[in-house]
Amino acid sequence: AETGTPLMGANVIIKGLNIGAMANEEGLVEITKIPDGDQTIVISFLGYVTKEIPFTFPLENQELIEIKLEPSGEEMEEVIISSTRSRRTIIDLPTRVEVISGEELEEKGNMKPGDIRMLLNETTGIQTQQTSATSYNSSIRIQGLDGKYTQLLKDGYPLYSGFSGGLSLLQIVPLDLKQVEVIKGASSTLYGGGAIAGLVNLVSKTPGKEQEINLLLNGTSALGLDVSGFYSNTFGKVGTTVFASYNIGTPYDPADIGLTAIPEFRRYTINPRLFYYFNDRTTLDVGVSTVVEERTGGNVKFIKGEDVEDPYFERNNTDRITTRLGFSSLFEDNSFLNIKNSFSFFERTIEVPDYTFSGNQFASFNEASYNFGDSNLEWVAGLNLWVDKFDQVARQGSPAVDYNHLTYGAFLQNNWKVSELFSLETGLRTDYQNEYGWFVLPRISAMFNFSNSWTARIGGGLGYKTPTVFTEDAERIQFQNVLPIDVENTEAEESIGGNLDVNYRSELFKTIDFTGNVLFFYTKVDQPLILTNTALNTFEYLQPNGFIDTRGIEANFTFGYKDFKLFTGYTLADVNQHYNGVTTKMPLVATHRLNNVLMYEVEETWKIGLEAYYFSPQKLNDGLTGQQYWIFGLMMERLWEDFSIFLNFENFTDTRQTRFDSIFTGSVSNPQFRDIYAPVDGFVINGGIKIKL
């Protein structure tokens, strides 16, 4: 009623009769064989007030009847997905995509403004695994699989792999993000190797018609500080965005064991982008991002400058410069050309007592894709070249883990809307990797629109991962005595996976908005690369005879009543290793997880949220089992027109591994760290102010 936009998928039925139809892309509904006499037409669509209109058949006037629906409660924004390379909205995609955007993204950003670790960890089916007890280094796990099987993208550019992967989650600040897109399951067909468990695409904000200025200042009870700013504007044919942040942390040891739970760190980030609009159809996007960080964890007294004999420390110094260039053009026939190029230079030095690992990584991503067809039959074809080169700073007596990988790829995707009921998405990618040869990667997804309330998706595909020394296991030991990959006797890891999900949305008792989604998933990884202690203090990547598989269920339910919303998520991840005929549980996987968030929101005035997260016992690498635990949080935000203040009580029950288990054996001067499976920082309060102009 407000915008005149057609409501594709609106449900229209004859009340009391089993007769009805769904609206097409133009919002048109045609119903035949309606019995003569008085009938009531019921028109419904989630997020809009249901209408009941009486008619007498046969109709005297045969002209088109236009019916307008009024929004009920919050206005629902259209969400365009970029990860699948299509130009479709999320409700039109056969591929299952989860999106964190809008208010949800802002709320999660309030809780951890300095990085995206919490934003991902509080998502059903995703767990961020801490790989360093003292420096906070972390990786992403989707559906229980190691972080090396997840691909992290920024606007479709794979910028965070290899040597940079262990710190990426800590160095990405969420203020300039428009939305986060998550595709779970085999996704290598979309972007090449590495997306066996899935992919996470961080979508940046772009200039709008009006100026936007966002400022954020946040402080924590752990003596941390985050200052971030984002600016965007358009000046005729030129647009720009500028993002900058300064993040600082001080040594924090809530357990009083002499080792940092939160390290000392100082990070600077600057990311300007320039957009040139040749016309309303053609855009050039040029940007550069610079991140400089010094991070030191370990002995608290040593970090504070006190004189300590034989102190343990872990120092990470990183410098990252990334350039990006994008060109896009929409042609008269509605076809679309997209060209991308990025160069990334990453330098990192890891230093622990008596050992230093240092190196430089150069990566480049180049892609040209072309979309053509119409709304019912869309094609995407493309070529890409991915360069990934690592040079280790020479260290006497230890072989360098240098590599130079070149991957050439070609892909073809198709979106076919067969009917209002059924849509099909297929894809085929062929990659050639200079050391591991050819890979052919098909994928298929189908969507069934049974009604406005019921939809279902089913899909699957193949994936692969190029062997690399940069994994969670090697990160835990700072790459000490890790031998380079034996290329001649090593094959790439390959996978097959599939998923099925069912969605339901409706109004319960005419007062509660309800949405539910249940996902069933399975992924199998053949010839996994395992870091093995083959000799005294020597580690080598070997491929045992066997495979890893993960199977399980994800369930998400949302209930909305007036100003209240309840989000409940459950994950069952049964992840097993099958080596040489023996089956064992995958370490560091919580088989059962619960995510619960209760929100109270008065529009543009108050937001109050209560969170509760449960993790079941996890098997550890030392053969023991970690304890189950709950984490509780409380967030509040008071909003005014141009600014808001927020306050969060994160983990207010002070759940810490150091309260019910140890994180190391030995002495503080020479600690032998155990697996980190629970928080180590405990109860932390953070609060601040956000300004929007």
# chains A, B, ... in the order shown; residues from 1 in each chain; ligands from 1
>>> residues_around(residues="Pro484 (chain A)", least_positions_apart="6", cutoff="12 Å", atoms="only C-alpha atoms", output="MDAnalysis selection string")
chainID A and resid 390:392 398:403 467:470 474 490 531 538:542
>>> residues_around(residues="Asn415 (chain A)", least_positions_apart="3", cutoff="12 Å", atoms="only C-alpha atoms", output="ChimeraX atom specification")
/A:84-88,92-95,371-381,412,418,422-427,444-447
>>> residues_around(residues="region 582-586 of chain A", least_positions_apart="6", cutoff="10 Å", atoms="only C-alpha atoms", output="list in words")
Gly144, Leu145, Asp146, Gly546, Phe547, Ile548, Asp549, Thr550, Asp574, Val575, Asn576, Gln618, Lys619, Leu620 and Asn621 of chain A
>>> write_last_selection(atoms="N, CA, C and O atoms", output="compact mmCIF listing (two decimals), in the first residue's frame")
# COMPACT_ATOMS: atom_id res chain seq x y z
N GLY A 144 31.26 -28.10 12.93
CA GLY A 144 32.24 -28.93 13.61
C GLY A 144 33.53 -29.18 12.86
O GLY A 144 34.46 -29.76 13.43
N LEU A 145 33.65 -28.76 11.61
CA LEU A 145 34.87 -29.01 10.84
C LEU A 145 35.91 -27.94 11.12
O LEU A 145 35.58 -26.78 11.40
N ASP A 146 37.19 -28.31 11.00
CA ASP A 146 38.29 -27.40 11.28
C ASP A 146 38.17 -26.10 10.48
O ASP A 146 37.59 -26.07 9.39
N GLY A 546 41.65 -42.99 5.43
CA GLY A 546 40.34 -42.79 6.04
C GLY A 546 39.73 -41.46 5.67
O GLY A 546 40.09 -40.84 4.66
N PHE A 547 38.82 -41.00 6.52
CA PHE A 547 38.07 -39.78 6.21
C PHE A 547 37.52 -39.18 7.50
O PHE A 547 37.51 -39.80 8.56
N ILE A 548 37.05 -37.93 7.39
CA ILE A 548 36.31 -37.24 8.44
C ILE A 548 34.90 -37.00 7.94
O ILE A 548 34.71 -36.68 6.75
N ASP A 549 33.92 -37.15 8.78
CA ASP A 549 32.57 -36.77 8.36
C ASP A 549 31.84 -36.07 9.50
O ASP A 549 32.14 -36.26 10.68
N THR A 550 30.94 -35.18 9.12
CA THR A 550 30.10 -34.48 10.06
C THR A 550 28.66 -34.60 9.60
O THR A 550 28.36 -34.46 8.42
N ASP A 574 27.57 -34.20 14.94
CA ASP A 574 28.22 -35.49 15.20
C ASP A 574 29.40 -35.62 14.24
O ASP A 574 29.22 -35.99 13.08
N VAL A 575 30.59 -35.27 14.71
CA VAL A 575 31.79 -35.21 13.86
C VAL A 575 32.75 -36.32 14.30
O VAL A 575 33.12 -36.41 15.47
N ASN A 576 33.16 -37.15 13.32
CA ASN A 576 33.98 -38.31 13.64
C ASN A 576 35.16 -38.43 12.69
O ASN A 576 35.09 -38.04 11.52
N GLN A 618 33.15 -31.48 25.41
CA GLN A 618 33.95 -31.64 24.20
C GLN A 618 35.14 -32.55 24.48
O GLN A 618 35.81 -32.41 25.51
N LYS A 619 35.41 -33.45 23.53
CA LYS A 619 36.60 -34.28 23.64
C LYS A 619 37.82 -33.42 23.36
O LYS A 619 37.82 -32.56 22.48
N LEU A 620 38.90 -33.64 24.11
CA LEU A 620 40.12 -32.87 23.96
C LEU A 620 41.22 -33.72 23.33
O LEU A 620 41.14 -34.95 23.31
N ASN A 621 42.24 -33.05 22.81
CA ASN A 621 43.31 -33.77 22.12
C ASN A 621 44.15 -34.63 23.06
O ASN A 621 44.84 -35.55 22.61
>>> residues_around(residues="Leu274 (chain A)", least_positions_apart="4", cutoff="8 Å", atoms="only C-alpha atoms", output="tab-separated table (two decimals) with C-alpha atoms, in the first residue's frame")
chain	number	residue	atom	x	y	z
A	238	VAL	CA	32.02	10.25	-7.43
A	239	GLY	CA	31.27	8.39	-4.23
A	240	THR	CA	33.49	7.51	-1.32
A	241	THR	CA	33.61	5.53	1.90
A	285	ASP	CA	35.40	0.80	-7.30
A	286	VAL	CA	38.99	1.32	-6.06
A	287	GLY	CA	40.13	0.82	-2.48
>>> residues_around(residues="region 514-521 of chain A", least_positions_apart="4", cutoff="10 Å", atoms="only C-alpha atoms", output="NGL selection string")
:A and (46 or 96 or 143 or 184-185 or 453-460 or 497-508 or 550-561 or 565-573)
>>> atom_distance(atom1="CA of Asn533 (chain A)", atom2="CA of Asp675 (chain A)")
16.7 Å
>>> atom_distance(atom1="CA of Gly162 (chain A)", atom2="CA of Gly147 (chain A)")
11.2 Å
